[in-house]
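First the structure, in the form of structure tokens, and then the observations on it.
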Amino acid sequence: MQTSKYLLANERDALWGLTVSTVGYEEIAPGESYPTKGHADGYYFNVEKGRILNEYQLLYNPEGEGVFSTTHCGERRLKPGDMFLLFPGEWHTYHPLQNVGWKSYWIGFRGRNMDDRVRAGFLSPEKPVYHVGYSSVIEELYRSAYKQAVEEAAYSQQVMAGLVNHLIGMMYSLERNIELSKNQQQVDMINRARLRIRQSLESDLTIQHVAEEMGVSYSNFRKLFKEFTGLSPATYQQELRLQRAKELLSTTDLTVKEIAYRLNFESPDYFSAKFKSKMGCKPSEIKQR
């Protein structure tokens, strides 16, 4: 069983940053031939020869198993709960295991939003497979995209672009959290450390002290903290202090100097420079407002 929809996007849609070209779902029973019929020109492919697309495609297999090969990563086994990303210009091929079959969703798209993520290193042809497990949210996002494609209402491209971005964010986040949660002790430690930092913004607590309280070396603590949060602990602490400073500037009669020292910045000038860099305006401008 296979259902699919192919779409057109105009020049105005492209300015949105991402446009969708195809969305669909297929269910391949054990022993059923693959690929299924009904694909548009440029999408149907010979499994042995593979193909090259001029767009990205994101596929999700909630059930079944298969094999996936690309130029950059070679051959990979696909397990239930895997998502895999196809890149424009990258040779690839994939198919379900003959004796197992699979259920698979896909959505094809292109645009500078994705190009920027690849250039920034968030996504790479060297790592096209993400294990996210079973997710009813991801299935519903694909179903919503297919419904939008079938209805083809005005500005549906913008709605589908949002759904693609949600899918990519879910894929990226779910896999990272699955990996991080394999060591629950580390997860608990970072959560305790974040709470400790958040509750001590107006004290002279240092990150070295936090690491000591957690019972780990500073270098190991910093590495784990950044892996989990995306920020170094010092940056995390400073950005929370700047948020607290904005709150104090807006809701109290404290001077800029008093707030700087209350939040343990080195000096009012240093505080003002950091505040302007983060918030885009001087602390004194917040007070004036």
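In the structure tokens, each chain is lettered A, B, ... as it comes, each chain's residues begin at 1, and ligands are numbered from 1 in order of appearance.
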
(request) For A:Glu26, please output as a PyMOL selection string all residues within 9 Å (counting only C-alpha atoms; exclusion window: fewer than 6 positions along the same chain). (result) chain A and resi 1-4+36+102-106

Expected file contents, prior selection, N, CA and C atoms, as a CSV table (one decimal), in the first residue's frame:
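Here's the written file part-v1.csv:
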chain,number,residue,atom,x,y,z
A,1,MET,N,0.8,-1.2,0.0
A,1,MET,CA,0.0,0.0,0.0
A,1,MET,C,0.9,1.2,0.0
A,2,GLN,N,0.5,2.2,-0.9
A,2,GLN,CA,1.3,3.4,-0.9
A,2,GLN,C,0.4,4.6,-1.3
A,3,THR,N,0.6,5.7,-0.5
A,3,THR,CA,-0.1,6.9,-0.8
A,3,THR,C,0.9,8.0,-0.9
A,4,SER,N,0.8,8.9,-1.9
A,4,SER,CA,1.8,9.9,-2.0
A,4,SER,C,1.2,11.1,-2.8
A,36,THR,N,7.4,0.3,-4.7
A,36,THR,CA,6.1,0.2,-5.1
A,36,THR,C,5.9,1.1,-6.4
A,102,TRP,N,8.2,-3.1,5.9
A,102,TRP,CA,8.2,-1.9,6.8
A,102,TRP,C,7.0,-1.0,6.6
A,103,LYS,N,6.9,-0.1,7.5
A,103,LYS,CA,6.0,1.0,7.3
A,103,LYS,C,6.9,2.3,7.3
A,104,SER,N,6.7,3.1,6.3
A,104,SER,CA,7.6,4.2,6.1
A,104,SER,C,6.8,5.5,5.7
A,105,TYR,N,7.2,6.6,6.3
A,105,TYR,CA,6.7,7.9,5.9
A,105,TYR,C,7.8,8.7,5.3
A,106,TRP,N,7.5,9.6,4.4
A,106,TRP,CA,8.6,10.4,3.8
A,106,TRP,C,8.0,11.8,3.5

(request) Return the single residue from A:Gly66, A:Pro80, A:Pro128, A:Gly50 that is closest to A:Gln98, with distances computed using only C-alpha atoms. (result)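 Using only C-alpha atoms, A:Gln98 sits closest to A:Gly66.
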
(request) Would you list, as a list in words, the residues of stretch 95-213 of chain A that end up in strand (DSSP E) under DSSP run on this structure's backbone? (result)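 Reading the DSSP output for stretch 95-213 of chain A, strand (DSSP E) covers His95, Pro96, Trp102, Lys103, Ser104, Tyr105, Trp106, Ile107, Gly108, Phe109, Arg110, Val129, Tyr130 and His131 of chain A.
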
(message) Report as JSON, numbers by chain all protein, DNA and RNA residues lying within 9 Å of A:Pro283, evaluated on only C-alpha atoms, omitting residues in the same chain fewer than 6 positions from it.
(response) {"A": [245, 246, 249, 256, 271, 272, 275, 276]}

How would the residues just picked look written out with all heavy atoms as an mmCIF file, in the first residue's frame?
data_model
loop_
_atom_site.group_PDB
_atom_site.id
_atom_site.type_symbol
_atom_site.label_atom_id
_atom_site.label_comp_id
_atom_site.auth_asym_id
_atom_site.auth_seq_id
_atom_site.Cartn_x
_atom_site.Cartn_y
_atom_site.Cartn_z
ATOM 1 N N ALA A 245 19.032 40.319 35.504
ATOM 2 C CA ALA A 245 19.311 41.755 35.500
ATOM 3 C C ALA A 245 18.215 42.517 34.775
ATOM 4 O O ALA A 245 17.765 43.582 35.236
ATOM 5 C CB ALA A 245 20.665 42.013 34.837
ATOM 6 N N LYS A 246 17.762 41.988 33.653
ATOM 7 C CA LYS A 246 16.695 42.656 32.903
ATOM 8 C C LYS A 246 15.429 42.746 33.743
ATOM 9 O O LYS A 246 14.729 43.772 33.741
ATOM 10 C CB LYS A 246 16.426 41.905 31.608
ATOM 11 C CG LYS A 246 15.435 42.602 30.692
ATOM 12 C CD LYS A 246 15.278 41.863 29.376
ATOM 13 C CE LYS A 246 14.317 42.597 28.457
ATOM 14 N NZ LYS A 246 14.127 41.875 27.165
ATOM 15 N N LEU A 249 16.008 45.436 36.415
ATOM 16 C CA LEU A 249 15.975 46.767 35.807
ATOM 17 C C LEU A 249 14.543 47.217 35.547
ATOM 18 O O LEU A 249 14.219 48.400 35.661
ATOM 19 C CB LEU A 249 16.760 46.760 34.489
ATOM 20 C CG LEU A 249 18.289 46.682 34.599
ATOM 21 C CD1 LEU A 249 18.900 46.286 33.261
ATOM 22 C CD2 LEU A 249 18.872 48.011 35.074
ATOM 23 N N VAL A 256 21.847 50.695 38.038
ATOM 24 C CA VAL A 256 22.633 49.784 37.209
ATOM 25 C C VAL A 256 23.829 49.274 38.000
ATOM 26 O O VAL A 256 24.157 48.075 37.967
ATOM 27 C CB VAL A 256 23.096 50.484 35.917
ATOM 28 C CG1 VAL A 256 24.083 49.618 35.152
ATOM 29 C CG2 VAL A 256 21.891 50.827 35.036
ATOM 30 N N PHE A 271 29.429 44.702 33.202
ATOM 31 C CA PHE A 271 28.019 44.316 33.163
ATOM 32 C C PHE A 271 27.299 45.003 32.004
ATOM 33 O O PHE A 271 26.569 44.358 31.232
ATOM 34 C CB PHE A 271 27.355 44.676 34.492
ATOM 35 C CG PHE A 271 25.852 44.688 34.433
ATOM 36 C CD1 PHE A 271 25.136 43.541 34.122
ATOM 37 C CD2 PHE A 271 25.147 45.858 34.686
ATOM 38 C CE1 PHE A 271 23.741 43.556 34.066
ATOM 39 C CE2 PHE A 271 23.764 45.884 34.631
ATOM 40 C CZ PHE A 271 23.061 44.731 34.314
ATOM 41 N N SER A 272 27.513 46.279 31.839
ATOM 42 C CA SER A 272 26.834 47.029 30.772
ATOM 43 C C SER A 272 27.218 46.511 29.395
ATOM 44 O O SER A 272 26.368 46.388 28.496
ATOM 45 C CB SER A 272 27.166 48.520 30.880
ATOM 46 O OG SER A 272 26.636 49.063 32.063
ATOM 47 N N PHE A 275 25.575 43.107 28.882
ATOM 48 C CA PHE A 275 24.128 43.289 28.739
ATOM 49 C C PHE A 275 23.780 43.789 27.337
ATOM 50 O O PHE A 275 22.876 43.270 26.682
ATOM 51 C CB PHE A 275 23.622 44.269 29.795
ATOM 52 C CG PHE A 275 22.126 44.338 29.888
ATOM 53 C CD1 PHE A 275 21.437 43.536 30.771
ATOM 54 C CD2 PHE A 275 21.403 45.213 29.080
ATOM 55 C CE1 PHE A 275 20.049 43.594 30.859
ATOM 56 C CE2 PHE A 275 20.027 45.275 29.143
ATOM 57 C CZ PHE A 275 19.337 44.463 30.040
ATOM 58 N N LYS A 276 24.525 44.791 26.867
ATOM 59 C CA LYS A 276 24.248 45.329 25.538
ATOM 60 C C LYS A 276 24.503 44.289 24.454
ATOM 61 O O LYS A 276 23.756 44.186 23.476
ATOM 62 C CB LYS A 276 25.102 46.572 25.279
ATOM 63 C CG LYS A 276 24.780 47.232 23.937
ATOM 64 C CD LYS A 276 25.541 48.523 23.724
ATOM 65 C CE LYS A 276 25.154 49.150 22.383
ATOM 66 N NZ LYS A 276 25.891 50.410 22.122
#

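Going from atom CA of A:Tyr25 to atom CA of A:Asn177 covers 26.5 Å.
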
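The protein and nucleic acid residues lying at most 8 Å from stretch 172-175 of chain A are Tyr130, His131, Val132, Ile168, Gly169, Ile178 and Glu179 of chain A, with only C-alpha atoms considered and sequence neighbours fewer than 3 positions away removed.
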
Emit the selected residues as a CSV table (one decimal), in the first residue's frame, including C-alpha atoms.
chain,number,residue,atom,x,y,z
A,130,TYR,CA,18.9,9.0,13.6
A,131,HIS,CA,17.3,6.6,16.0
A,132,VAL,CA,14.3,8.2,17.6
A,168,ILE,CA,13.8,17.9,11.9
A,169,GLY,CA,13.8,19.5,15.4
A,178,ILE,CA,18.0,9.0,24.0
A,179,GLU,CA,21.8,9.0,24.0

(request) Please indicate the distance in Å from atom CA of A:Ile28 to atom CA of A:Tyr94, rounded to one decimal place. (result)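 Distance between the two atoms: 13.0 Å.
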
(message) Please list as a list in words every residue within 8 Å of A:Pro268, counting only C-alpha atoms and excluding residues in the same chain fewer than 6 positions away.
(response)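 So the residues in contact are Val256, Lys257, Ala260 and Tyr261 of chain A.
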
(request) May I have the residues within 7 Å of A:His95 as a PyMOL selection string, using only C-alpha atoms and disregarding those fewer than 5 positions away in the same chain? (result) chain A and resi 34+47+66-68

(request) Find the spatial neighbours of A:Gly101, counting only C-alpha atoms, within a cut-off of 7 Å - ignore same-chain residues fewer than 4 positions away - and output them as a PyMOL selection string. (result) chain A and resi 28-30+64-65+96-97

Selection file, C-alpha atoms, as a PDB file, in the first residue's frame:
ATOM      1  CA  ILE A  28       5.405  -2.999   2.498  1.00  0.00           C
ATOM      2  CA  ALA A  29       4.340  -6.481   3.594  1.00  0.00           C
ATOM      3  CA  PRO A  30       6.899  -9.299   3.966  1.00  0.00           C
ATOM      4  CA  GLY A  64      10.009  -2.980  10.037  1.00  0.00           C
ATOM      5  CA  GLU A  65      13.640  -3.217   9.046  1.00  0.00           C
ATOM      6  CA  PRO A  96      12.984  -3.091   3.366  1.00  0.00           C
ATOM      7  CA  LEU A  97      14.213  -6.552   4.267  1.00  0.00           C
TER       8      LEU A  97
END

(request) Compare A:Gly215, A:Tyr56, A:Leu123, A:Asp116 by their minimum atom-to-atom distance to A:His92, counting only C-alpha atoms, and give me the closest one. (result) A:Tyr56

(message) Rounded to one decimal, what separation in Å do you get between atom CA of A:Phe228 and atom CA of A:Leu180?
(response)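 Taking atom CA of A:Phe228 as the start and atom CA of A:Leu180 as the end point, the length is 7.2 Å.
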